[in-house]
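Visitor: My questions all concern the structure below.
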Amino acid sequence: MKNLSTLFFIIFSLAFVACEKDVVIPEMGEYSVVQVNVGELSGLCFNKDKSAFLTCGDKGVIKTVTFEGEVSDLASYSADMEGITLDPSTGDIYLAIEGAQAVHVLSAPSYSEHKTAFVVQEAVDGYYKNSGLEAVEYYKKDLLFVGSQKYANLWQYKKDGTKKSLVSLSKFATEVAGLSYEKEYDLLWVTDSKIQKIFLCRPDGTLLATYDIPFIENAESICVDRERGCVWVGSDETQSKLYRITFSF
């Protein structure tokens, strides 16, 4: 029995190592840019059928943006919106609200009313203030990723406000400005606007690759698009921009 247990352990270990070796690190290529009429563009994600983007801005606006940069209004209310994500199972929109250090939810399909889903108490108690919540991203089932500028924190929260985990990415990042999760590959993409980089990680914060983006002034949001062979990055500038960066996936 002991020998059999040892054999199972060896097989499992080899399978794990093989899985790790099978990770293909995408290579970054050329980029193009389009200006978008979204004031202080800070959040970016696909809409439900992935035919366009949902975006949000610091001044409390939520808009739909096409891949060509055409903009239409979706909703608005007074809040410092720094990140946006969509629950694919319900169509509900979740927003990272910096001033309140909270995650708000707008229920589908009307998106006419918002409510607080939960507050990140560590950001409140730690007086993160204007260095607080910057990103939110749907993970799986009822879990969300939440990121902050201060300490480059990455939380996992249940939608009911139960905190599941917290890791800091400060070993390689100065902040978590934007998040994009790929369920099929279990990969998490992170933007750092301060040092102008994109990081490719595992959900536990393990760093896999780093990409330099000195051509993007303020990379506050990101959306991975394998179908079109690119990664989209939203830049919060005087005139907001949407960058399309090709990647060899």
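Identifiers for the structure tokens are assigned positionally: chains receive A, B, ... in sequence, residues are indexed from 1 per chain, and ligands are indexed from 1 in the order shown.
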Could you tell me, as a PyMOL selection string, which residues of stretch 45-105 of chain A DSSP assigns to strand (DSSP E or B) when given the backbone?

Guide: chain A and resi 45-46+53-57+61-65+71-76+81-86+93-97+102-105

Visitor: Can you list, as a list in words, every protein, DNA or RNA residue that comes within 7 Å of stretch 152-159 of chain A when you count only C-alpha atoms, leaving out same-chain residues fewer than 6 positions away?

Guide: Ala117, Asp142, Leu143, Leu144, Phe145, Val146, Ser165, Leu166, Val167, Ser168, Leu169, Ser170, Ala173, Thr174, Glu175 and Val176 of chain A

Visitor: With all heavy atoms retained, write the just-selected residues as a compact mmCIF listing (two decimals), in the first residue's frame.

Guide:
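File selection_0.txt, as written:
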# COMPACT_ATOMS: atom_id res chain seq x y z
N ALA A 117 -22.72 46.00 -3.03
CA ALA A 117 -22.62 44.55 -2.86
C ALA A 117 -21.83 44.23 -1.60
O ALA A 117 -22.22 43.37 -0.81
CB ALA A 117 -21.96 43.92 -4.08
N ASP A 142 -19.46 32.43 -7.66
CA ASP A 142 -19.87 33.69 -7.04
C ASP A 142 -18.67 34.47 -6.52
O ASP A 142 -18.79 35.27 -5.60
CB ASP A 142 -20.86 33.44 -5.90
CG ASP A 142 -20.25 32.64 -4.76
OD1 ASP A 142 -19.17 32.03 -4.97
OD2 ASP A 142 -20.85 32.62 -3.66
N LEU A 143 -17.50 34.29 -7.15
CA LEU A 143 -16.28 34.95 -6.69
C LEU A 143 -15.85 36.08 -7.62
O LEU A 143 -15.96 35.98 -8.85
CB LEU A 143 -15.13 33.95 -6.58
CG LEU A 143 -15.17 32.95 -5.42
CD1 LEU A 143 -14.02 31.96 -5.55
CD2 LEU A 143 -15.10 33.66 -4.08
N LEU A 144 -15.33 37.14 -7.01
CA LEU A 144 -14.80 38.28 -7.74
C LEU A 144 -13.37 38.55 -7.27
O LEU A 144 -13.04 38.36 -6.11
CB LEU A 144 -15.63 39.54 -7.49
CG LEU A 144 -17.11 39.53 -7.86
CD1 LEU A 144 -17.78 40.79 -7.33
CD2 LEU A 144 -17.30 39.42 -9.35
N PHE A 145 -12.52 39.00 -8.21
CA PHE A 145 -11.23 39.58 -7.84
C PHE A 145 -11.45 41.08 -7.59
O PHE A 145 -12.22 41.74 -8.31
CB PHE A 145 -10.22 39.45 -8.97
CG PHE A 145 -9.73 38.07 -9.24
CD1 PHE A 145 -10.10 37.41 -10.40
CD2 PHE A 145 -8.89 37.43 -8.34
CE1 PHE A 145 -9.64 36.13 -10.67
CE2 PHE A 145 -8.42 36.15 -8.60
CZ PHE A 145 -8.79 35.50 -9.76
N VAL A 146 -10.76 41.63 -6.60
CA VAL A 146 -10.77 43.07 -6.34
C VAL A 146 -9.32 43.50 -6.14
O VAL A 146 -8.57 42.86 -5.39
CB VAL A 146 -11.61 43.42 -5.10
CG1 VAL A 146 -11.63 44.94 -4.88
CG2 VAL A 146 -13.03 42.90 -5.22
N SER A 165 -9.79 35.48 0.24
CA SER A 165 -8.33 35.50 0.31
C SER A 165 -7.81 36.89 0.01
O SER A 165 -8.53 37.75 -0.52
CB SER A 165 -7.73 34.50 -0.70
OG SER A 165 -8.00 34.90 -2.03
N LEU A 166 -6.54 37.10 0.35
CA LEU A 166 -5.84 38.34 0.04
C LEU A 166 -4.37 38.03 -0.19
O LEU A 166 -3.73 37.37 0.63
CB LEU A 166 -5.98 39.35 1.19
CG LEU A 166 -5.02 40.55 1.16
CD1 LEU A 166 -5.26 41.40 -0.08
CD2 LEU A 166 -5.17 41.39 2.43
N VAL A 167 -3.86 38.48 -1.33
CA VAL A 167 -2.43 38.41 -1.59
C VAL A 167 -1.97 39.78 -2.08
O VAL A 167 -2.75 40.53 -2.67
CB VAL A 167 -2.05 37.33 -2.65
CG1 VAL A 167 -2.40 35.94 -2.14
CG2 VAL A 167 -2.74 37.62 -3.97
N SER A 168 -0.73 40.10 -1.82
CA SER A 168 -0.14 41.33 -2.34
C SER A 168 0.76 40.99 -3.51
O SER A 168 1.53 40.03 -3.46
CB SER A 168 0.67 42.04 -1.25
OG SER A 168 1.38 43.13 -1.81
N LEU A 169 0.64 41.78 -4.57
CA LEU A 169 1.50 41.61 -5.74
C LEU A 169 2.69 42.56 -5.69
O LEU A 169 3.34 42.81 -6.69
CB LEU A 169 0.69 41.86 -7.03
CG LEU A 169 -0.60 41.06 -7.19
CD1 LEU A 169 -1.20 41.32 -8.58
CD2 LEU A 169 -0.38 39.57 -6.97
N SER A 170 2.98 43.09 -4.51
CA SER A 170 4.00 44.13 -4.36
C SER A 170 5.42 43.65 -4.64
O SER A 170 6.33 44.48 -4.76
CB SER A 170 3.93 44.75 -2.96
OG SER A 170 4.12 43.76 -1.97
N ALA A 173 4.73 44.40 -8.53
CA ALA A 173 3.84 45.48 -8.98
C ALA A 173 3.79 46.59 -7.93
O ALA A 173 4.00 46.35 -6.74
CB ALA A 173 2.44 44.95 -9.24
N THR A 174 3.49 47.80 -8.39
CA THR A 174 3.28 48.92 -7.46
C THR A 174 1.80 49.16 -7.19
O THR A 174 1.45 49.84 -6.24
CB THR A 174 3.90 50.22 -8.01
OG1 THR A 174 3.19 50.62 -9.20
CG2 THR A 174 5.37 50.02 -8.34
N GLU A 175 0.94 48.58 -8.04
CA GLU A 175 -0.50 48.74 -7.88
C GLU A 175 -1.21 47.68 -8.74
O GLU A 175 -0.61 47.07 -9.62
CB GLU A 175 -0.95 50.13 -8.34
CG GLU A 175 -0.74 50.35 -9.84
CD GLU A 175 -1.42 51.58 -10.39
OE1 GLU A 175 -2.14 52.26 -9.64
OE2 GLU A 175 -1.22 51.86 -11.59
N VAL A 176 -2.48 47.49 -8.44
CA VAL A 176 -3.36 46.72 -9.32
C VAL A 176 -4.33 47.71 -9.93
O VAL A 176 -5.29 48.14 -9.28
CB VAL A 176 -4.12 45.62 -8.55
CG1 VAL A 176 -5.09 44.89 -9.48
CG2 VAL A 176 -3.14 44.62 -7.94

Visitor: For A:Ser193, find every residue with an atom within 8 Å (counting only C-alpha atoms), except residues of its own chain fewer than 5 positions away, and show them as number ranges by chain.

Guide: A: 175, 177, 217-220

Visitor: Would you output that residue set with N, CA, C and O atoms, as a PDB file, in the first residue's frame?

Guide:
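What follows is the written file again.pdb:
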ATOM      1  N   GLU A 175       0.940  48.581  -8.040  1.00  0.00           N
ATOM      2  CA  GLU A 175      -0.501  48.736  -7.885  1.00  0.00           C
ATOM      3  C   GLU A 175      -1.207  47.685  -8.736  1.00  0.00           C
ATOM      4  O   GLU A 175      -0.611  47.071  -9.621  1.00  0.00           O
ATOM      5  N   ALA A 177      -4.067  48.117 -11.166  1.00  0.00           N
ATOM      6  CA  ALA A 177      -4.889  49.141 -11.813  1.00  0.00           C
ATOM      7  C   ALA A 177      -6.021  48.539 -12.638  1.00  0.00           C
ATOM      8  O   ALA A 177      -7.106  49.103 -12.719  1.00  0.00           O
ATOM      9  N   GLU A 217       0.078  55.936 -21.450  1.00  0.00           N
ATOM     10  CA  GLU A 217       0.298  56.918 -20.388  1.00  0.00           C
ATOM     11  C   GLU A 217      -0.276  56.478 -19.050  1.00  0.00           C
ATOM     12  O   GLU A 217       0.355  56.628 -18.007  1.00  0.00           O
ATOM     13  N   ASN A 218      -1.496  55.940 -19.046  1.00  0.00           N
ATOM     14  CA  ASN A 218      -2.170  55.643 -17.780  1.00  0.00           C
ATOM     15  C   ASN A 218      -3.060  54.406 -17.942  1.00  0.00           C
ATOM     16  O   ASN A 218      -4.277  54.510 -18.029  1.00  0.00           O
ATOM     17  N   ALA A 219      -2.430  53.236 -17.955  1.00  0.00           N
ATOM     18  CA  ALA A 219      -3.132  51.973 -18.258  1.00  0.00           C
ATOM     19  C   ALA A 219      -3.942  51.493 -17.061  1.00  0.00           C
ATOM     20  O   ALA A 219      -3.463  50.734 -16.220  1.00  0.00           O
ATOM     21  N   GLU A 220      -5.195  51.921 -17.006  1.00  0.00           N
ATOM     22  CA  GLU A 220      -6.025  51.629 -15.844  1.00  0.00           C
ATOM     23  C   GLU A 220      -6.985  50.464 -16.049  1.00  0.00           C
ATOM     24  O   GLU A 220      -7.686  50.085 -15.113  1.00  0.00           O
TER      25      GLU A 220
END

Visitor: Residues of stretch 109-128 of chain A that approach stretch 41-63 of chain A to 12 Å or less, counting only C-alpha atoms: could you list each one with the shortest pair of atoms and its distance in Å to one decimal, rows by chain and increasing residue number, as CSV?

Guide:
residue,atom,partner,partner_atom,distance
A:Pro109,CA,A:Lys48,CA,10.8
A:Tyr111,CA,A:Ile62,CA,9.8
A:Ser112,CA,A:Ile62,CA,11.2
A:His114,CA,A:Gly60,CA,11.7

Visitor: For the selection you just gave me, I'd like the residues written to a file as a PDB file, in the first residue's frame, keeping C-alpha atoms.

Guide:
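Contents of part-v8.pdb, freshly written:
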ATOM      1  CA  PRO A 109     -31.284  44.001 -17.648  1.00  0.00           C
ATOM      2  CA  TYR A 111     -29.076  48.702 -14.965  1.00  0.00           C
ATOM      3  CA  SER A 112     -31.242  51.520 -13.650  1.00  0.00           C
ATOM      4  CA  HIS A 114     -27.291  50.418  -8.030  1.00  0.00           C
TER       5      HIS A 114
END

Visitor: Which residues are close to A:Gly126, i.e. within 12 Å by only C-alpha atoms, leaving aside same-chain residues fewer than 4 positions away? Reply as a list of chain:residue names.

Guide: A:Gln101, A:Val120, A:Gln121, A:Glu122, A:Asn130, A:Ser131, A:Gly132, A:Ser148, A:Lys150, A:Tyr151

Visitor: Need the shell around A:Arg226: protein/DNA/RNA residues with any atom at most 10 Å away, counting only C-alpha atoms. Skip same-chain ones fewer than 5 positions apart. Format as an MDAnalysis selection string?

Guide: chainID A and resid 182 231 246:249

Visitor: For the residues selected in the previous step, produce a file with N, CA, C and O atoms as a compact mmCIF listing (two decimals), in the first residue's frame.

Guide:
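File result-v4.txt, as written:
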# COMPACT_ATOMS: atom_id res chain seq x y z
N GLU A 182 -8.84 35.01 -17.63
CA GLU A 182 -9.17 34.06 -18.68
C GLU A 182 -9.50 32.70 -18.05
O GLU A 182 -8.61 31.96 -17.61
N VAL A 231 -4.84 42.16 -26.92
CA VAL A 231 -5.21 42.61 -25.59
C VAL A 231 -5.56 44.09 -25.70
O VAL A 231 -4.82 44.87 -26.30
N THR A 246 -1.45 43.59 -30.23
CA THR A 246 -1.47 42.24 -30.75
C THR A 246 -0.61 41.32 -29.87
O THR A 246 0.43 41.73 -29.37
N PHE A 247 -1.09 40.08 -29.72
CA PHE A 247 -0.35 39.07 -28.98
C PHE A 247 -0.41 37.75 -29.76
O PHE A 247 -1.43 37.42 -30.36
N SER A 248 0.70 37.02 -29.73
CA SER A 248 0.75 35.72 -30.38
C SER A 248 0.37 34.65 -29.36
O SER A 248 1.22 34.07 -28.69
N PHE A 249 -0.91 34.41 -29.21
CA PHE A 249 -1.40 33.46 -28.21
C PHE A 249 -1.12 32.02 -28.66
O PHE A 249 -1.14 31.72 -29.84

Visitor: Measure the distance from atom CA of A:Asp73 to atom CA of A:Val36 in Å and round it to one decimal.

Guide: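 Interatomic distance here is 12.5 Å.
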
Visitor: What separation in Å, quoted to one decimal, exists between atom CA of A:Ser32 and atom CA of A:Glu137?

Guide: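 Rounded to one decimal, the two atoms are 24.6 Å apart.
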